[in-house]
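Visitor: Handing you this structure, nothing more for now.
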There are 2 protein chains.
Amino acid sequence: MNTDATPTRTRLLNAALGIVREQGYEATTVDELCAAAGVSKGAFFHHFASKEALAVAAAEHWNAVTSALFANAPYHLLDDPLDQLVAYIDFRAALLDGRSIPEATCYLGTMVQETYGSHPVIREACFAGIAGHARTIEEIIRAAKARHAPQASWSAEGLALHTQAVLQGAFVLAKAKNDLNLARESILHLRRYIELLFHYAKED
Amino acid sequence: MNTDATPTRTRLLNAALGIVREQGYEATTVDELCAAAGVSKGAFFHHFASKEALAVAAAEHWNAVTSALFANAPYHLLDDPLDQLVAYIDFRAALLDGRSIPEATCYLGTMVQETYGSHPVIREACFAGIAGHARTIEEIIRAAKARHAPQASWSAEGLALHTQAVLQGAFVLAKAKNDLNLARESILHLRRYIELLFHYAKED
DNA sequence: AGTTGCGTACCAACTGGTTGGTATTTCGTC
DNA sequence: GACGAAATACCAACCAGTTGGTACGCAACT
């Protein structure tokens, strides 16, 4: 086994991202994770003190993977921060294309609903990840607000968190209907909200 | 035991609504449910064929409880459907007051994330509940649209589902931060979106 | 160069406790 | 005494985590 070049630890983290998004945290067994990573149980507990510790490490891994994805996304190239914001939302919608539901949805949002009470460590890792990503959007919103709506009563921080809430909610509905199109439509509503907030002229 | 007047079956259903919203479906054990309901395990399996069957029955129970709550809510008394819609959103925000996170959040949305792949029966029950409630909002939106924005490009159905997505997402974020105020803020953004869509004049 | 010592990575088998579910018995009421 | 509701006792399967051990690289010492 382990003919793959990626180190065992990373293989387990990636397996966690996949299986937990499919089944949730509690329903995912350590044996399943080991099997998916092609690794023995001894190796698992060599790298991670507990299943909970893996979940936390996987959250950090998720943050690393997704921040790289967003850092290289095209919306940063636009000049106007408002254009960037709208392009970010379109980018989030585009991320659904050609993906299955577990592939398209968020590892953090999936886990936090079932762990927020019983596993505070996981909950905090989830919030840190979501809030961290929101902060990058907050900066874009802050710049857009300064240029286009300096008098607006809403805060950049609140709107940034709201964008994440809409995305998470879109994932919940998509899973309930087993259909990602539901998520697409909610993201479109989010886009329209931003446009209305900024009196943004649609070009399409 | 069982000095309570409510029948065993209902006690188990109510216990499920509480504990599952706290811990999620998989982390909730049958023994826990029995203990919370003050009922033996034999009684549990006398009333429900399986844990999964209880979850589905509890979803229907949740629908019954919440539809009664919304049916009696004050927003129905308003004349203008747009006023009703805005009042509905305010009502949803008011439902957070004085409640803990498990009390304030949605049984269906909590469960569906971890069961949508492995328990299709539960997933369908969750979607049926959410979609059913959305349909009542859809009617209000349809009337409001006919009166105030007949030309609008969005559909009543889509917007109704979006309102539910925002609420579900607000719950996810609130759980992640362990703070219901996050949900309040997102619901406020949803209110503003509706106002902007309808060019609704704020009176407050 | 050989080998000794040691830390890291990994493995297969096992354990103690828990879980959903069952078999059987008892209770309550018509 | 019949019949459904509820209690007790129990089981096989499963789970997170442990154990005791192997393989291997690397450095130090001879």
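Letters A, B, ... mark the chains of the structure tokens in the order given; residue numbers begin at 1 per chain; ligand numbers begin at 1, in order shown.
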Taking only C-alpha atoms (C1' of nucleotides) into account, find every residue of chain B that has an atom no more than 8 Å from chain C, and write it out as a list in words.
Guide: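 Those within range of chain C come out as Thr29, Val30, Ser50 and Lys51 of chain B.
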Visitor: Which chain A residues are at most 7 Å from chain B (counting only C-alpha atoms), as a PyMOL selection string?
Guide: chain A and resi 22-24+26-27+109-110+112-118+123-124+126-127+158+162+165-170+172-173+175-177+185-186+193+196
Visitor: Which of range 13-196 of chain A end up as alpha helix (DSSP H) when DSSP is run on this backbone - answer as a ChimeraX atom specification?
Guide: /A:13-23,30-37,41-47,51-71,81-94,101-104,107-115,120-148,156-177,181-196
Visitor: Name all residues at most 9 Å from range 12-19 of chain B (count only C-alpha atoms (C1' of nucleotides); drop same-chain ones fewer than 4 positions away) and give them as a short mmCIF file (atom, residue, chain, number, x, y, z; two decimals) with all heavy atoms, in the first residue's frame.
Guide:
data_model
loop_
_atom_site.label_atom_id
_atom_site.label_comp_id
_atom_site.auth_asym_id
_atom_site.auth_seq_id
_atom_site.Cartn_x
_atom_site.Cartn_y
_atom_site.Cartn_z
N PRO B 7 -48.97 11.68 25.73
CA PRO B 7 -48.71 10.27 25.40
C PRO B 7 -47.24 10.01 25.08
O PRO B 7 -46.52 10.90 24.64
CB PRO B 7 -49.60 10.04 24.18
CG PRO B 7 -49.92 11.39 23.65
CD PRO B 7 -49.88 12.32 24.80
N THR B 8 -46.85 8.77 25.30
CA THR B 8 -45.45 8.36 25.11
C THR B 8 -44.93 8.73 23.73
O THR B 8 -43.82 9.27 23.60
CB THR B 8 -45.36 6.84 25.30
OG1 THR B 8 -45.78 6.53 26.62
CG2 THR B 8 -43.95 6.36 25.11
N GLN B 23 -27.58 17.98 19.15
CA GLN B 23 -26.44 17.10 18.88
C GLN B 23 -26.38 16.59 17.46
O GLN B 23 -25.37 15.99 17.08
CB GLN B 23 -26.51 15.88 19.81
CG GLN B 23 -26.77 16.21 21.25
CD GLN B 23 -26.67 14.98 22.13
OE1 GLN B 23 -26.79 13.86 21.66
NE2 GLN B 23 -26.43 15.19 23.41
N GLY B 24 -27.43 16.77 16.71
CA GLY B 24 -27.48 16.16 15.40
C GLY B 24 -28.10 14.77 15.48
O GLY B 24 -28.30 14.23 16.58
N TYR B 25 -28.35 14.16 14.34
CA TYR B 25 -29.05 12.88 14.29
C TYR B 25 -28.15 11.72 14.71
O TYR B 25 -28.52 10.93 15.58
CB TYR B 25 -29.57 12.64 12.87
CG TYR B 25 -30.13 11.26 12.64
CD1 TYR B 25 -31.38 10.91 13.14
CD2 TYR B 25 -29.42 10.30 11.93
CE1 TYR B 25 -31.90 9.64 12.93
CE2 TYR B 25 -29.93 9.04 11.71
CZ TYR B 25 -31.16 8.70 12.22
OH TYR B 25 -31.67 7.45 12.01
N THR B 28 -27.16 11.34 18.36
CA THR B 28 -28.25 11.10 19.29
C THR B 28 -28.55 9.61 19.37
O THR B 28 -28.82 8.98 18.35
CB THR B 28 -29.51 11.87 18.83
OG1 THR B 28 -29.21 13.26 18.79
CG2 THR B 28 -30.65 11.62 19.77
N GLU B 32 -30.64 7.82 24.83
CA GLU B 32 -30.78 9.21 25.23
C GLU B 32 -32.22 9.69 25.05
O GLU B 32 -32.79 10.36 25.91
CB GLU B 32 -29.87 10.10 24.38
CG GLU B 32 -28.50 10.37 24.98
CD GLU B 32 -27.65 11.19 24.01
OE1 GLU B 32 -27.65 10.91 22.79
OE2 GLU B 32 -26.98 12.10 24.47
N LEU B 33 -32.76 9.37 23.89
CA LEU B 33 -34.13 9.79 23.60
C LEU B 33 -35.10 9.21 24.63
O LEU B 33 -35.99 9.91 25.13
CB LEU B 33 -34.52 9.34 22.19
CG LEU B 33 -33.79 10.07 21.06
CD1 LEU B 33 -33.92 9.32 19.74
CD2 LEU B 33 -34.33 11.48 20.91
N CYS B 34 -34.90 7.92 24.95
CA CYS B 34 -35.77 7.28 25.92
C CYS B 34 -35.65 7.95 27.29
O CYS B 34 -36.65 8.24 27.95
CB CYS B 34 -35.42 5.80 26.04
SG CYS B 34 -35.80 4.85 24.56
N ALA B 36 -34.67 11.00 27.95
CA ALA B 36 -35.24 12.35 27.92
C ALA B 36 -36.76 12.29 27.97
O ALA B 36 -37.40 13.16 28.56
CB ALA B 36 -34.77 13.08 26.67
N ALA B 37 -37.34 11.29 27.34
CA ALA B 37 -38.80 11.17 27.31
C ALA B 37 -39.32 10.44 28.56
O ALA B 37 -40.53 10.36 28.76
CB ALA B 37 -39.24 10.45 26.05
N GLY B 38 -38.41 9.91 29.37
CA GLY B 38 -38.83 9.14 30.54
C GLY B 38 -39.56 7.88 30.14
O GLY B 38 -40.63 7.57 30.67
N VAL B 39 -38.96 7.14 29.24
CA VAL B 39 -39.64 6.01 28.61
C VAL B 39 -38.62 4.88 28.45
O VAL B 39 -37.43 5.11 28.31
CB VAL B 39 -40.17 6.48 27.24
CG1 VAL B 39 -40.36 5.32 26.30
CG2 VAL B 39 -41.47 7.25 27.42
N PHE B 44 -40.03 2.56 23.16
CA PHE B 44 -39.55 3.24 21.94
C PHE B 44 -39.84 2.38 20.71
O PHE B 44 -40.48 2.83 19.76
CB PHE B 44 -38.05 3.51 22.05
CG PHE B 44 -37.47 4.22 20.86
CD1 PHE B 44 -37.23 5.58 20.89
CD2 PHE B 44 -37.17 3.53 19.68
CE1 PHE B 44 -36.70 6.24 19.80
CE2 PHE B 44 -36.65 4.18 18.58
CZ PHE B 44 -36.42 5.54 18.64
N LEU B 54 -38.32 7.14 13.61
CA LEU B 54 -38.61 8.22 14.56
C LEU B 54 -38.23 9.58 13.97
O LEU B 54 -38.98 10.55 14.10
CB LEU B 54 -37.85 8.01 15.87
CG LEU B 54 -37.88 9.24 16.79
CD1 LEU B 54 -39.18 9.33 17.56
CD2 LEU B 54 -36.70 9.28 17.72
N ALA B 55 -37.07 9.63 13.32
CA ALA B 55 -36.63 10.90 12.75
C ALA B 55 -37.63 11.42 11.73
O ALA B 55 -37.93 12.62 11.70
CB ALA B 55 -35.25 10.72 12.11
N ALA B 57 -40.89 10.60 11.57
CA ALA B 57 -42.10 10.99 12.29
C ALA B 57 -41.90 12.32 13.00
O ALA B 57 -42.82 13.15 13.04
CB ALA B 57 -42.48 9.89 13.29
N ALA B 58 -40.72 12.53 13.54
CA ALA B 58 -40.45 13.79 14.23
C ALA B 58 -40.45 14.96 13.25
O ALA B 58 -40.83 16.08 13.60
CB ALA B 58 -39.12 13.72 14.98
N ALA B 59 -40.03 14.70 12.02
CA ALA B 59 -40.08 15.75 11.01
C ALA B 59 -41.54 16.15 10.75
O ALA B 59 -41.86 17.34 10.67
CB ALA B 59 -39.41 15.28 9.72
N HIS B 61 -43.97 15.74 12.85
CA HIS B 61 -44.38 16.41 14.08
C HIS B 61 -43.91 17.87 14.08
O HIS B 61 -44.67 18.78 14.43
CB HIS B 61 -43.80 15.65 15.27
CG HIS B 61 -44.15 16.22 16.61
ND1 HIS B 61 -45.46 16.42 17.01
CD2 HIS B 61 -43.38 16.63 17.65
CE1 HIS B 61 -45.46 16.92 18.23
NE2 HIS B 61 -44.22 17.06 18.64
N TRP B 62 -42.68 18.07 13.67
CA TRP B 62 -42.13 19.43 13.57
C TRP B 62 -42.96 20.28 12.62
O TRP B 62 -43.28 21.45 12.93
CB TRP B 62 -40.68 19.36 13.09
CG TRP B 62 -40.07 20.66 12.71
CD1 TRP B 62 -39.97 21.19 11.46
CD2 TRP B 62 -39.45 21.60 13.60
NE1 TRP B 62 -39.33 22.41 11.50
CE2 TRP B 62 -39.00 22.68 12.81
CE3 TRP B 62 -39.23 21.64 14.98
CZ2 TRP B 62 -38.34 23.79 13.36
CZ3 TRP B 62 -38.57 22.74 15.52
CH2 TRP B 62 -38.14 23.79 14.72
N PRO B 102 -30.29 25.82 20.27
CA PRO B 102 -31.10 24.65 19.85
C PRO B 102 -32.59 24.95 19.80
O PRO B 102 -33.30 24.41 18.94
CB PRO B 102 -30.81 23.59 20.91
CG PRO B 102 -29.72 24.11 21.76
CD PRO B 102 -29.50 25.54 21.47
N GLU B 103 -33.05 25.81 20.67
CA GLU B 103 -34.48 26.15 20.65
C GLU B 103 -34.84 27.00 19.45
O GLU B 103 -35.96 26.95 18.95
CB GLU B 103 -34.86 26.91 21.93
CG GLU B 103 -34.90 26.06 23.19
CD GLU B 103 -34.89 26.91 24.44
OE1 GLU B 103 -34.79 28.16 24.32
OE2 GLU B 103 -34.96 26.34 25.54
N CYS B 106 -33.60 25.13 13.39
CA CYS B 106 -34.57 24.29 12.69
C CYS B 106 -34.18 22.82 12.75
O CYS B 106 -33.06 22.43 12.38
CB CYS B 106 -34.67 24.76 11.24
SG CYS B 106 -35.71 23.71 10.21
N TYR B 107 -35.12 22.01 13.19
CA TYR B 107 -34.90 20.56 13.26
C TYR B 107 -34.55 19.98 11.89
O TYR B 107 -33.66 19.15 11.77
CB TYR B 107 -36.16 19.90 13.82
CG TYR B 107 -36.17 18.40 13.77
CD1 TYR B 107 -35.45 17.65 14.68
CD2 TYR B 107 -36.93 17.72 12.83
CE1 TYR B 107 -35.46 16.27 14.64
CE2 TYR B 107 -36.95 16.34 12.78
CZ TYR B 107 -36.22 15.62 13.70
OH TYR B 107 -36.24 14.25 13.65
#
Visitor: Starting from chain D, keep only residues with some atom at most 8 Å from an atom of chain B, counting only C-alpha atoms (C1' of nucleotides), and report them as a VMD selection string.
Guide: chain D and resid 5 to 7
Visitor: Just to be explicit: take each residue in the selection above, keep C-alpha atoms (C1' of nucleotides), and write the result as a tab-separated table (two decimals), in the first residue's frame.
Guide:
chain	number	residue	atom	x	y	z
D	5	DA	C1'	-48.77	-0.60	25.90
D	6	DA	C1'	-44.67	-0.56	28.43
D	7	DA	C1'	-40.61	-2.63	31.13
